[in-house]
Each structure stands twice: as C-alpha cells, then as structure tokens.
file work02.cif (mmCIF, C-alpha atoms)
data_start
loop_
_atom_site.group_PDB
_atom_site.id
_atom_site.type_symbol
_atom_site.label_atom_id
_atom_site.label_comp_id
_atom_site.auth_asym_id
_atom_site.auth_seq_id
_atom_site.Cartn_x
_atom_site.Cartn_y
_atom_site.Cartn_z
ATOM 1 C CA MET A 1 10.581 25.645 -10.503
ATOM 2 C CA LYS A 2 12.041 28.230 -12.831
ATOM 3 C CA ALA A 3 15.038 26.355 -14.240
ATOM 4 C CA GLU A 4 15.127 23.111 -16.190
ATOM 5 C CA ILE A 5 16.486 20.077 -14.356
ATOM 6 C CA THR A 6 20.090 19.423 -15.322
ATOM 7 C CA PRO A 7 21.359 15.845 -15.820
ATOM 8 C CA GLN A 8 23.539 16.240 -12.713
ATOM 9 C CA GLU A 9 20.588 17.406 -10.584
ATOM 10 C CA TYR A 10 18.419 14.567 -11.830
ATOM 11 C CA GLU A 11 21.056 11.944 -11.007
ATOM 12 C CA ALA A 12 21.545 13.455 -7.553
ATOM 13 C CA PHE A 13 17.792 13.432 -6.927
ATOM 14 C CA LYS A 14 17.507 9.814 -8.094
ATOM 15 C CA THR A 15 20.202 8.854 -5.584
ATOM 16 C CA PHE A 16 18.507 10.813 -2.797
ATOM 17 C CA LEU A 17 15.114 9.198 -3.448
ATOM 18 C CA GLN A 18 16.497 5.683 -3.609
ATOM 19 C CA ASP A 19 18.487 6.138 -0.401
ATOM 20 C CA ALA A 20 15.494 7.684 1.391
ATOM 21 C CA CYS A 21 12.723 5.256 0.438
ATOM 22 C CA GLY A 22 14.031 2.758 -2.118
ATOM 23 C CA ILE A 23 12.201 4.127 -5.140
ATOM 24 C CA LEU A 24 14.276 3.871 -8.299
ATOM 25 C CA LEU A 25 13.339 6.589 -10.788
ATOM 26 C CA GLY A 26 13.677 5.602 -14.413
ATOM 27 C CA GLU A 27 15.453 7.596 -17.064
ATOM 28 C CA ASN A 28 13.814 10.700 -18.510
ATOM 29 C CA LYS A 29 11.315 11.150 -15.662
ATOM 30 C CA GLN A 30 12.228 14.811 -15.183
ATOM 31 C CA TYR A 31 8.676 15.835 -16.100
ATOM 32 C CA LEU A 32 7.306 13.709 -13.242
ATOM 33 C CA VAL A 33 9.724 15.246 -10.752
ATOM 34 C CA LYS A 34 8.849 18.767 -11.897
ATOM 35 C CA SER A 35 5.099 18.216 -11.720
ATOM 36 C CA ARG A 36 5.183 16.623 -8.272
ATOM 37 C CA LEU A 37 7.625 19.091 -6.710
ATOM 38 C CA ARG A 38 6.463 22.349 -8.325
ATOM 39 C CA ARG A 39 4.243 23.421 -5.429
ATOM 40 C CA ILE A 40 6.900 22.567 -2.831
ATOM 41 C CA MET A 41 9.497 24.587 -4.754
ATOM 42 C CA GLU A 42 7.186 27.596 -4.971
ATOM 43 C CA GLU A 43 6.264 27.474 -1.288
ATOM 44 C CA ASN A 44 9.937 27.356 -0.282
ATOM 45 C CA LYS A 45 11.020 29.971 -2.884
ATOM 46 C CA LEU A 46 13.460 27.590 -4.551
ATOM 47 C CA ASN A 47 14.353 27.890 -8.221
ATOM 48 C CA THR A 48 16.232 24.673 -8.979
ATOM 49 C CA LEU A 49 16.160 21.038 -7.971
ATOM 50 C CA GLY A 50 19.742 21.434 -6.788
ATOM 51 C CA GLU A 51 18.660 24.136 -4.318
ATOM 52 C CA LEU A 52 15.931 21.842 -2.985
ATOM 53 C CA LEU A 53 18.367 18.965 -2.480
ATOM 54 C CA GLU A 54 20.823 21.248 -0.706
ATOM 55 C CA ARG A 55 18.091 22.498 1.621
ATOM 56 C CA VAL A 56 16.968 18.952 2.414
ATOM 57 C CA LYS A 57 20.537 17.783 3.118
ATOM 58 C CA ARG A 58 21.240 20.740 5.407
ATOM 59 C CA SER A 59 18.136 20.120 7.465
ATOM 60 C CA GLY A 60 18.603 16.350 7.919
ATOM 61 C CA ARG A 61 15.420 14.509 8.903
ATOM 62 C CA SER A 62 13.287 17.581 8.409
ATOM 63 C CA SER A 63 9.654 18.037 7.554
ATOM 64 C CA LEU A 64 10.797 19.257 4.114
ATOM 65 C CA LYS A 65 12.415 15.889 3.435
ATOM 66 C CA GLU A 66 9.205 14.148 4.452
ATOM 67 C CA VAL A 67 7.141 16.419 2.210
ATOM 68 C CA VAL A 68 9.405 15.700 -0.780
ATOM 69 C CA ILE A 69 9.231 11.933 -0.223
ATOM 70 C CA ASP A 70 5.480 12.239 0.280
ATOM 71 C CA ALA A 71 5.063 14.025 -3.056
ATOM 72 C CA MET A 72 7.099 11.424 -4.921
ATOM 73 C CA THR A 73 5.467 8.343 -3.369
ATOM 74 C CA THR A 74 1.774 9.261 -3.272
ATOM 75 C CA ASN A 75 -0.269 7.492 -5.935
ATOM 76 C CA GLU A 76 -3.960 7.247 -6.679
ATOM 77 C CA THR A 77 -5.577 3.954 -5.885
ATOM 78 C CA LEU A 78 -8.875 2.168 -6.420
ATOM 79 C CA TRP A 79 -11.363 0.082 -4.488
ATOM 80 C CA PHE A 80 -10.926 -3.640 -5.246
ATOM 81 C CA ARG A 81 -8.052 -2.802 -7.608
ATOM 82 C CA ASP A 82 -7.298 -5.543 -10.189
ATOM 83 C CA ASN A 83 -10.211 -7.669 -8.873
ATOM 84 C CA HIS A 84 -8.379 -11.042 -8.898
ATOM 85 C CA PRO A 85 -6.726 -10.676 -5.449
ATOM 86 C CA PHE A 86 -10.092 -9.962 -3.857
ATOM 87 C CA ARG A 87 -11.768 -12.859 -5.647
ATOM 88 C CA ILE A 88 -8.934 -15.133 -4.438
ATOM 89 C CA LEU A 89 -9.345 -13.783 -0.924
ATOM 90 C CA GLN A 90 -13.095 -14.332 -1.040
ATOM 91 C CA GLU A 91 -13.175 -17.734 -2.723
ATOM 92 C CA LYS A 92 -9.965 -19.406 -1.500
ATOM 93 C CA LEU A 93 -8.117 -17.783 1.385
ATOM 94 C CA LEU A 94 -10.913 -16.799 3.758
ATOM 95 C CA PRO A 95 -12.634 -20.203 3.471
ATOM 96 C CA GLU A 96 -9.267 -21.953 3.934
ATOM 97 C CA PHE A 97 -8.383 -20.051 7.093
ATOM 98 C CA GLY A 98 -11.971 -20.234 8.338
ATOM 99 C CA ASP A 99 -11.937 -24.032 8.043
ATOM 100 C CA ARG A 100 -8.558 -24.522 9.717
ATOM 101 C CA LYS A 101 -9.094 -26.361 12.981
ATOM 102 C CA GLY A 102 -8.993 -24.034 15.952
ATOM 103 C CA THR A 103 -8.599 -20.917 13.803
ATOM 104 C CA GLN A 104 -10.818 -18.003 14.760
ATOM 105 C CA SER A 105 -8.319 -15.189 14.207
ATOM 106 C CA LEU A 106 -6.779 -13.838 11.024
ATOM 107 C CA ARG A 107 -4.075 -11.208 10.608
ATOM 108 C CA ILE A 108 -3.590 -9.409 7.289
ATOM 109 C CA TRP A 109 -0.968 -6.819 6.315
ATOM 110 C CA SER A 110 -1.693 -4.312 3.533
ATOM 111 C CA ALA A 111 1.701 -2.812 2.641
ATOM 112 C CA ALA A 112 1.869 0.532 0.816
ATOM 113 C CA CYS A 113 -1.834 1.065 1.495
ATOM 114 C CA SER A 114 -2.016 4.671 0.202
ATOM 115 C CA THR A 115 -5.320 6.357 1.164
ATOM 116 C CA GLY A 116 -6.848 3.163 2.517
ATOM 117 C CA GLN A 117 -8.844 1.696 -0.354
ATOM 118 C CA GLU A 118 -7.050 -1.663 -0.306
ATOM 119 C CA PRO A 119 -7.317 -2.469 3.434
ATOM 120 C CA TYR A 120 -10.897 -1.238 3.593
ATOM 121 C CA SER A 121 -11.722 -3.370 0.537
ATOM 122 C CA VAL A 122 -10.196 -6.364 2.350
ATOM 123 C CA ALA A 123 -12.298 -5.527 5.419
ATOM 124 C CA MET A 124 -15.481 -5.418 3.313
ATOM 125 C CA ILE A 125 -14.712 -8.811 1.741
ATOM 126 C CA THR A 126 -14.015 -10.246 5.186
ATOM 127 C CA GLU A 127 -17.227 -8.846 6.645
ATOM 128 C CA GLU A 128 -19.223 -10.323 3.747
ATOM 129 C CA PHE A 129 -17.585 -13.720 4.380
ATOM 130 C CA ARG A 130 -18.404 -13.610 8.099
ATOM 131 C CA ARG A 131 -22.031 -12.780 7.360
ATOM 132 C CA GLN A 132 -22.239 -15.744 4.996
ATOM 133 C CA ARG A 133 -20.498 -18.082 7.442
ATOM 134 C CA PRO A 134 -21.385 -16.978 10.986
ATOM 135 C CA GLY A 135 -18.952 -18.085 13.652
ATOM 136 C CA LYS A 136 -15.966 -18.194 11.307
ATOM 137 C CA LEU A 137 -12.989 -15.827 11.710
ATOM 138 C CA ARG A 138 -14.439 -13.835 14.580
ATOM 139 C CA ASP A 139 -11.161 -11.986 15.193
ATOM 140 C CA VAL A 140 -9.812 -10.312 12.030
ATOM 141 C CA LYS A 141 -7.180 -7.578 12.263
ATOM 142 C CA ILE A 142 -5.811 -5.725 9.256
ATOM 143 C CA THR A 143 -2.599 -3.721 9.610
ATOM 144 C CA ALA A 144 -2.166 -1.147 6.827
ATOM 145 C CA THR A 145 1.113 0.707 6.336
ATOM 146 C CA ASP A 146 2.501 3.449 4.141
ATOM 147 C CA ILE A 147 5.510 5.754 4.137
ATOM 148 C CA SER A 148 3.352 8.849 3.586
ATOM 149 C CA LYS A 149 1.896 10.659 6.589
ATOM 150 C CA SER A 150 -0.599 12.567 4.453
ATOM 151 C CA VAL A 151 -2.208 9.513 2.845
ATOM 152 C CA LEU A 152 -2.397 7.789 6.227
ATOM 153 C CA GLU A 153 -4.308 10.777 7.608
ATOM 154 C CA VAL A 154 -6.856 10.386 4.801
ATOM 155 C CA ALA A 155 -7.050 6.642 5.382
ATOM 156 C CA ARG A 156 -7.589 6.995 9.132
ATOM 157 C CA ARG A 157 -10.461 9.427 8.580
ATOM 158 C CA GLY A 158 -12.183 6.922 6.302
ATOM 159 C CA GLU A 159 -14.036 9.705 4.532
ATOM 160 C CA TYR A 160 -13.987 9.960 0.739
ATOM 161 C CA GLU A 161 -15.358 12.334 -1.851
ATOM 162 C CA MET A 162 -17.810 10.956 -4.392
ATOM 163 C CA ILE A 163 -15.176 10.961 -7.164
ATOM 164 C CA ALA A 164 -12.993 8.624 -5.057
ATOM 165 C CA ILE A 165 -15.952 6.433 -4.083
ATOM 166 C CA GLY A 166 -16.737 5.891 -7.751
ATOM 167 C CA ARG A 167 -13.326 4.384 -8.528
ATOM 168 C CA GLY A 168 -14.066 0.671 -8.282
ATOM 169 C CA LEU A 169 -16.740 0.606 -5.580
ATOM 170 C CA SER A 170 -20.119 -0.858 -6.510
ATOM 171 C CA PRO A 171 -23.313 1.002 -5.544
ATOM 172 C CA GLU A 172 -24.326 -2.017 -3.447
ATOM 173 C CA ARG A 173 -21.147 -1.910 -1.360
ATOM 174 C CA GLN A 174 -21.325 1.866 -1.105
ATOM 175 C CA LYS A 175 -24.799 1.585 0.397
ATOM 176 C CA GLN A 176 -23.831 -1.321 2.635
ATOM 177 C CA PHE A 177 -20.532 -0.053 4.024
ATOM 178 C CA PHE A 178 -20.723 3.770 3.878
ATOM 179 C CA THR A 179 -22.914 6.517 5.272
ATOM 180 C CA PRO A 180 -23.324 9.972 3.699
ATOM 181 C CA ALA A 181 -21.457 12.785 5.454
ATOM 182 C CA MET A 182 -22.575 16.405 5.840
ATOM 183 C CA ASN A 183 -20.259 17.814 3.170
ATOM 184 C CA GLY A 184 -21.329 15.475 0.361
ATOM 185 C CA SER A 185 -18.576 12.924 1.021
ATOM 186 C CA TRP A 186 -19.035 9.375 2.287
ATOM 187 C CA GLN A 187 -17.889 7.932 5.629
ATOM 188 C CA ILE A 188 -16.939 4.287 6.012
ATOM 189 C CA ARG A 189 -19.025 2.511 8.632
ATOM 190 C CA PRO A 190 -17.523 1.855 12.093
ATOM 191 C CA GLN A 191 -17.580 -1.944 11.855
ATOM 192 C CA ILE A 192 -15.319 -1.788 8.779
ATOM 193 C CA LYS A 193 -13.135 1.044 10.054
ATOM 194 C CA SER A 194 -12.491 -0.710 13.366
ATOM 195 C CA MET A 195 -10.961 -3.721 11.588
ATOM 196 C CA VAL A 196 -8.061 -1.679 10.188
ATOM 197 C CA GLU A 197 -5.080 -0.181 12.024
ATOM 198 C CA PHE A 198 -2.949 2.296 10.043
ATOM 199 C CA ARG A 199 0.755 2.687 10.772
ATOM 200 C CA GLU A 200 3.604 4.626 9.184
ATOM 201 C CA LEU A 201 6.276 2.327 7.743
ATOM 202 C CA ASN A 202 9.178 2.580 5.311
ATOM 203 C CA LEU A 203 9.591 -0.819 3.644
ATOM 204 C CA LEU A 204 13.370 -0.348 3.788
ATOM 205 C CA GLU A 205 13.383 -0.129 7.564
ATOM 206 C CA ARG A 206 12.869 -2.717 10.308
ATOM 207 C CA TYR A 207 9.399 -4.262 10.528
ATOM 208 C CA MET A 208 7.920 -4.255 14.035
ATOM 209 C CA LEU A 209 4.446 -5.437 13.084
ATOM 210 C CA GLY A 210 4.197 -8.976 14.389
ATOM 211 C CA LYS A 211 3.134 -12.039 12.390
ATOM 212 C CA PHE A 212 0.595 -12.309 9.572
ATOM 213 C CA ASP A 213 -1.415 -14.949 7.750
ATOM 214 C CA ILE A 214 -1.719 -12.893 4.552
ATOM 215 C CA VAL A 215 0.467 -10.080 3.235
ATOM 216 C CA MET A 216 -0.688 -7.915 0.328
ATOM 217 C CA CYS A 217 2.278 -6.052 -1.144
ATOM 218 C CA ARG A 218 0.873 -4.890 -4.458
ATOM 219 C CA ASN A 219 1.959 -2.377 -7.082
ATOM 220 C CA VAL A 220 4.892 -1.067 -5.053
ATOM 221 C CA LEU A 221 7.798 -3.463 -5.701
ATOM 222 C CA ILE A 222 7.930 -2.303 -9.323
ATOM 223 C CA TYR A 223 9.515 0.920 -8.044
ATOM 224 C CA PHE A 224 12.450 -0.817 -6.335
ATOM 225 C CA SER A 225 15.717 -2.197 -7.660
ATOM 226 C CA ALA A 226 16.026 -5.980 -7.974
ATOM 227 C CA GLU A 227 18.297 -6.093 -4.902
ATOM 228 C CA LEU A 228 15.909 -4.105 -2.693
ATOM 229 C CA LYS A 229 12.926 -6.092 -3.964
ATOM 230 C CA LYS A 230 14.627 -9.332 -2.931
ATOM 231 C CA ASP A 231 15.456 -7.896 0.493
ATOM 232 C CA ILE A 232 11.873 -6.718 1.079
ATOM 233 C CA LEU A 233 10.388 -10.051 0.019
ATOM 234 C CA THR A 234 12.805 -11.908 2.302
ATOM 235 C CA ARG A 235 11.782 -9.768 5.271
ATOM 236 C CA ILE A 236 8.089 -10.136 4.421
ATOM 237 C CA HIS A 237 8.645 -13.904 4.465
ATOM 238 C CA ALA A 238 9.837 -13.591 8.070
ATOM 239 C CA THR A 239 6.559 -11.894 9.042
ATOM 240 C CA LEU A 240 4.376 -14.670 7.615
ATOM 241 C CA ASN A 241 2.986 -17.425 9.803
ATOM 242 C CA PRO A 242 3.542 -21.032 8.628
ATOM 243 C CA GLY A 243 1.343 -21.618 5.595
ATOM 244 C CA GLY A 244 0.797 -17.877 5.143
ATOM 245 C CA TYR A 245 0.307 -16.229 1.771
ATOM 246 C CA LEU A 246 1.873 -13.341 -0.136
ATOM 247 C CA ILE A 247 -0.163 -11.485 -2.776
ATOM 248 C CA LEU A 248 1.685 -9.287 -5.274
ATOM 249 C CA GLY A 249 0.421 -6.877 -7.927
ATOM 250 C CA ALA A 250 -0.741 -7.979 -11.358
ATOM 251 C CA SER A 251 2.459 -6.747 -13.040
ATOM 252 C CA GLU A 252 4.790 -8.106 -10.343
ATOM 253 C CA SER A 253 6.396 -11.523 -10.051
ATOM 254 C CA LEU A 254 8.497 -13.408 -7.551
ATOM 255 C CA ASN A 255 11.883 -14.355 -8.981
ATOM 256 C CA GLY A 256 14.943 -15.795 -7.293
ATOM 257 C CA LEU A 257 13.405 -16.903 -3.974
ATOM 258 C CA PRO A 258 12.214 -20.480 -4.599
ATOM 259 C CA HIS A 259 13.503 -21.566 -1.184
ATOM 260 C CA LEU A 260 11.116 -19.146 0.549
ATOM 261 C CA TYR A 261 7.873 -19.251 -1.437
ATOM 262 C CA GLU A 262 5.937 -21.686 -3.594
ATOM 263 C CA MET A 263 3.664 -20.485 -6.378
ATOM 264 C CA VAL A 264 -0.057 -21.192 -6.108
ATOM 265 C CA GLN A 265 -2.087 -20.971 -9.326
ATOM 266 C CA CYS A 266 -5.606 -19.630 -8.747
ATOM 267 C CA HIS A 267 -6.923 -19.590 -12.350
ATOM 268 C CA PRO A 268 -6.799 -16.701 -12.937
ATOM 269 C CA GLY A 269 -4.234 -15.108 -10.688
ATOM 270 C CA ILE A 270 -1.132 -16.260 -8.808
ATOM 271 C CA ILE A 271 -0.299 -16.038 -5.118
ATOM 272 C CA TYR A 272 2.648 -17.344 -3.100
ATOM 273 C CA ARG A 273 2.644 -19.619 -0.054
ATOM 274 C CA LYS A 274 5.376 -19.501 2.567
ATOM 275 C CA LYS A 275 7.554 -22.600 2.578
#

call {"tool": "encode", "arguments": {"input": "work02.cif", "output": "structure tokens"}}
result
Amino acid sequence: MKAEITPQEYEAFKTFLQDACGILLGENKQYLVKSRLRRIMEENKLNTLGELLERVKRSGRSSLKEVVIDAMTTNETLWFRDNHPFRILQEKLLPEFGDRKGTQSLRIWSAACSTGQEPYSVAMITEEFRRQRPGKLRDVKITATDISKSVLEVARRGEYEMIAIGRGLSPERQKQFFTPAMNGSWQIRPQIKSMVEFRELNLLERYMLGKFDIVMCRNVLIYFSAELKKDILTRIHATLNPGGYLILGASESLNGLPHLYEMVQCHPGIIYRKK
C-alpha cells in the first residue's frame, strides 16, 4: 500500500466491512487496516484502499472479497482462554447435564472458533469429565463455526506448532491429548478431534445448525454494533434448547434482553440461561 488511507476511503471501508460481516471498525484504526491488508494489496498490485474496494465491488462475491474479510477477522486465540468459562463448564454445566434424567447427549456450539483452540479445549474438558464419571454424557457433539475459511482449515487439521501449543495449554494436557508430528508440530488425538465438527458461518446470516444445550459466543460481539449484537443474541436464543446456557466473553455483557435470558452468577464468572 503506497498511499496513505484518506478519510473517505476509511469510511467506505468501514461500511463495506460492516455490511459484509458485521464488524464495526472504530475510529483511527487505519494502521490496523494497513497492516492486515498490505500483503493483499501487494499481491494484487493495488496502491490505495480505494482501488481495493473498487476491485472487490466489481467482482461481487469473489475470492478477493473473502480474502479481505479473512484478513480483517482472523485473530489469535488461546487454549482455555480466560479460564472461568472452562471451570464453569467443568464444575457446573457438565455435571448438571450429566445428572439430568434421561440425558446422555450434549450439543455445544463454539461460535467464532478461529483456529480451533476453544472447541478443542471444550472437548478436552468433556473427555476429562467422562473419564471421571463413566456412563455420563456418552454422546457429545461440538459444532464450531467461523467466517474465515483459512482458520477453519487449520482447525480441521488439528495440528499446531509448538508456539501455539504453549499458549494456555498445560504440559499434562499436551501429553494427554496430543501426539508429536513429524515436522515438530503436535497433532490432536483422534478421540478429541472426532468430537468437533467445523463449519463456515457468518453470524449475520441464517443459522442452519440445529439445537444446542450450550452456546459459547466469546470475544466476538465486541466487534458488532449494539443493534447487530442484539439481533445475534436473539437468534442464538432460538438455537438453545429449554434450559440451555449462553457463555459470553469476559469483557462482554448481555443488555436489553431480560425476556430471553436470566443471569446466573458462578462466583467468579457469569453465564446466561435461556428463559
């Protein structure tokens, strides 16, 4: 990118990104746009952000549009990020569903799953619970979704370099749930990998995923406008089974939907139960 981003180009790009995937860029984030799109601009021999937008608009639903959205929505993630949701899952939710009369199945949705650390972390917690309480929750299925094709490809492979393994994963769980690969990376074991299905999904579009007992939608709603956030949370509510739970990120809260969810204090941590 040879030219600086003009105010007009930045506003046009903000509108494009919000219309395409709901992400609302803040003010003065030109540096973020430049850093994430620099390689794409160079590969396509484009000098300005305006030229890139014009190319994307001319080509409609092109691979270039997908690449741009991919670059702007891909974020690093951690194993067992923020800790509290996984403690709540381990100590409260899995025992609750395991003790429900006639319940042997559990469906969990990990929304905006990035490269797979969250759903695989959930699978590890679930496997540990089943080993501790044999016969409980025999059928657990985790659906993990993201808008980015590239991160889903990484997630489906289930193979991570050592630098990624070290971000939040204990040596004990690494040994228990991974095997070393030929190239120095680590491969997640089949019994964990088989619990997770990865699917491409834009949270702004129609959900064709079925019903869930638990939905984890963490650290993504902060990027949406208040109106879109409310719409997404309303549609997530429709995917939850009676008595199902919603888990948000540590910096996210549920405002304005008291008729749909009730707050559950977990000391520490807060989750939301479907009304």

call {"tool": "residues_around", "arguments": {"input": "work02.cif", "residues": "Leu260 in chain A", "least_positions_apart": "6", "cutoff": "9 Å", "atoms": "all atoms listed in the file", "output": "list in words"}}
result
Thr234, His237, Arg273, Lys274 and Lys275 of chain A

call {"tool": "resolve_selection", "arguments": {"input": "work02.cif", "expression": "the PyMOL selection byres ((chain A and resi 69-74) around 8)", "output": "PDB file with C-alpha atoms, keeping the file's coordinate frame"}}
result
ATOM      1  CA  LEU A  17      15.114   9.198  -3.448  1.00  0.00           C
ATOM      2  CA  ALA A  20      15.494   7.684   1.391  1.00  0.00           C
ATOM      3  CA  CYS A  21      12.723   5.256   0.438  1.00  0.00           C
ATOM      4  CA  VAL A  33       9.724  15.246 -10.752  1.00  0.00           C
ATOM      5  CA  ARG A  36       5.183  16.623  -8.272  1.00  0.00           C
ATOM      6  CA  LEU A  37       7.625  19.091  -6.710  1.00  0.00           C
ATOM      7  CA  LYS A  65      12.415  15.889   3.435  1.00  0.00           C
ATOM      8  CA  GLU A  66       9.205  14.148   4.452  1.00  0.00           C
ATOM      9  CA  VAL A  67       7.141  16.419   2.210  1.00  0.00           C
ATOM     10  CA  VAL A  68       9.405  15.700  -0.780  1.00  0.00           C
ATOM     11  CA  ASN A  75      -0.269   7.492  -5.935  1.00  0.00           C
ATOM     12  CA  GLU A  76      -3.960   7.247  -6.679  1.00  0.00           C
ATOM     13  CA  SER A 114      -2.016   4.671   0.202  1.00  0.00           C
ATOM     14  CA  ILE A 147       5.510   5.754   4.137  1.00  0.00           C
ATOM     15  CA  SER A 148       3.352   8.849   3.586  1.00  0.00           C
ATOM     16  CA  LYS A 149       1.896  10.659   6.589  1.00  0.00           C
ATOM     17  CA  SER A 150      -0.599  12.567   4.453  1.00  0.00           C
ATOM     18  CA  VAL A 151      -2.208   9.513   2.845  1.00  0.00           C
TER      19      VAL A 151
END

call {"tool": "closest_residue", "arguments": {"input": "work02.cif", "among": "A:Lys92, A:Glu9, A:Val264, A:Ala155", "to": "Thr48 in chain A", "atoms": "all atoms listed in the file"}}
result
A:Glu9

call {"tool": "residues_around", "arguments": {"input": "work02.cif", "residues": "Ser110 in chain A", "least_positions_apart": "6", "cutoff": "9 Å", "atoms": "only C-alpha atoms", "output": "list in words"}}
result
Glu118, Pro119, Val122, Ile142, Thr143, Ala144, Thr145, Asp146, Ile214, Val215, Met216, Cys217 and Arg218 of chain A

call {"tool": "write_last_selection", "arguments": {"input": "work02.cif", "atoms": "C-alpha atoms", "output": "mmCIF file, in the coordinates of the input"}}
result
data_model
loop_
_atom_site.group_PDB
_atom_site.id
_atom_site.type_symbol
_atom_site.label_atom_id
_atom_site.label_comp_id
_atom_site.auth_asym_id
_atom_site.auth_seq_id
_atom_site.Cartn_x
_atom_site.Cartn_y
_atom_site.Cartn_z
ATOM 1 C CA GLU A 118 -7.050 -1.663 -0.306
ATOM 2 C CA PRO A 119 -7.317 -2.469 3.434
ATOM 3 C CA VAL A 122 -10.196 -6.364 2.350
ATOM 4 C CA ILE A 142 -5.811 -5.725 9.256
ATOM 5 C CA THR A 143 -2.599 -3.721 9.610
ATOM 6 C CA ALA A 144 -2.166 -1.147 6.827
ATOM 7 C CA THR A 145 1.113 0.707 6.336
ATOM 8 C CA ASP A 146 2.501 3.449 4.141
ATOM 9 C CA ILE A 214 -1.719 -12.893 4.552
ATOM 10 C CA VAL A 215 0.467 -10.080 3.235
ATOM 11 C CA MET A 216 -0.688 -7.915 0.328
ATOM 12 C CA CYS A 217 2.278 -6.052 -1.144
ATOM 13 C CA ARG A 218 0.873 -4.890 -4.458
#

call {"tool": "atom_distance", "arguments": {"input": "work02.cif", "atom1": "CA of Leu204 in chain A", "atom2": "CA of Glu159 in chain A"}}
result
29.2 Å

call {"tool": "residues_around", "arguments": {"input": "work02.cif", "residues": "Tyr272 in chain A", "least_positions_apart": "3", "cutoff": "6 Å", "atoms": "only C-alpha atoms", "output": "PyMOL selection string"}}
result
chain A and resi 245-246+261-264

call {"tool": "resolve_selection", "arguments": {"input": "work02.cif", "expression": "the PyMOL selection byres ((chain A and resi 256) around 12)", "output": "list in words"}}
result
Ala226, Glu227, Lys229, Lys230, Asp231, Leu233, Thr234, Ser253, Leu254, Asn255, Leu257, Pro258, His259, Leu260, Tyr261 and Glu262 of chain A

call {"tool": "atom_distance", "arguments": {"input": "work02.cif", "atom1": "CA of Arg189 in chain A", "atom2": "CA of Ala123 in chain A"}}
result
11.0 Å

call {"tool": "resolve_selection", "arguments": {"input": "work02.cif", "expression": "the PyMOL selection byres ((chain A and resi 266) around 10)", "output": "list in words"}}
result
His84, Pro85, Arg87, Ile88, Glu91, Lys92, Met263, Val264, Gln265, His267, Pro268, Gly269, Ile270 and Ile271 of chain A

call {"tool": "atom_distance", "arguments": {"input": "work02.cif", "atom1": "CA of Leu25 in chain A", "atom2": "CA of Arg199 in chain A"}}
result
25.3 Å

call {"tool": "closest_residue", "arguments": {"input": "work02.cif", "among": "A:Trp186, A:Phe224, A:Phe177, A:Trp109", "to": "Gly244 in chain A", "atoms": "all atoms listed in the file"}}
result
A:Trp109

call {"tool": "axis_aligned_box", "arguments": {"input": "work02.cif", "around": "range 21-26 of chain A", "padding_each_side": "8 Å", "output": "JSON"}}
result
{"center_x": 13.2, "center_y": 4.7, "center_z": -7.0, "size_x": 18.1, "size_y": 19.8, "size_z": 30.9}

call {"tool": "closest_residue", "arguments": {"input": "work02.cif", "among": "A:Leu228, A:Met195, A:Asp82, A:Arg157", "to": "Thr126 in chain A", "atoms": "all atoms listed in the file"}}
result
A:Met195

call {"tool": "closest_atom_pairs", "arguments": {"input": "work02.cif", "of": "range 153-239 of chain A", "to": "range 104-107 of chain A", "cutoff": "8 Å", "atoms": "all atoms listed in the file", "output": "JSON lines"}}
result
{"residue": "A:Lys211", "atom": "CA", "partner": "A:Arg107", "partner_atom": "CA", "distance": 7.5}
{"residue": "A:Phe212", "atom": "CA", "partner": "A:Arg107", "partner_atom": "CA", "distance": 4.9}
{"residue": "A:Asp213", "atom": "CA", "partner": "A:Arg107", "partner_atom": "CA", "distance": 5.4}
{"residue": "A:Ile214", "atom": "CA", "partner": "A:Arg107", "partner_atom": "CA", "distance": 6.7}

call {"tool": "write_last_selection", "arguments": {"input": "work02.cif", "atoms": "C-alpha atoms", "output": "short mmCIF file (atom, residue, chain, number, x, y, z; two decimals), in the frame of the given file"}}
result
data_model
loop_
_atom_site.label_atom_id
_atom_site.label_comp_id
_atom_site.auth_asym_id
_atom_site.auth_seq_id
_atom_site.Cartn_x
_atom_site.Cartn_y
_atom_site.Cartn_z
CA LYS A 211 3.13 -12.04 12.39
CA PHE A 212 0.60 -12.31 9.57
CA ASP A 213 -1.42 -14.95 7.75
CA ILE A 214 -1.72 -12.89 4.55
#

call {"tool": "closest_residue", "arguments": {"input": "work02.cif", "among": "A:Pro242, A:Tyr120, A:Glu128, A:Leu137", "to": "Gln187 in chain A", "atoms": "all atoms listed in the file"}}
result
A:Tyr120

call {"tool": "closest_residue", "arguments": {"input": "work02.cif", "among": "A:Met124, A:Leu203, A:Leu152, A:Leu32", "to": "Gln174 in chain A", "atoms": "only C-alpha atoms"}}
result
A:Met124

call {"tool": "closest_residue", "arguments": {"input": "work02.cif", "among": "A:Ala250, A:Met162, A:Cys113, A:Leu94", "to": "Arg130 in chain A", "atoms": "all atoms listed in the file"}}
result
A:Leu94
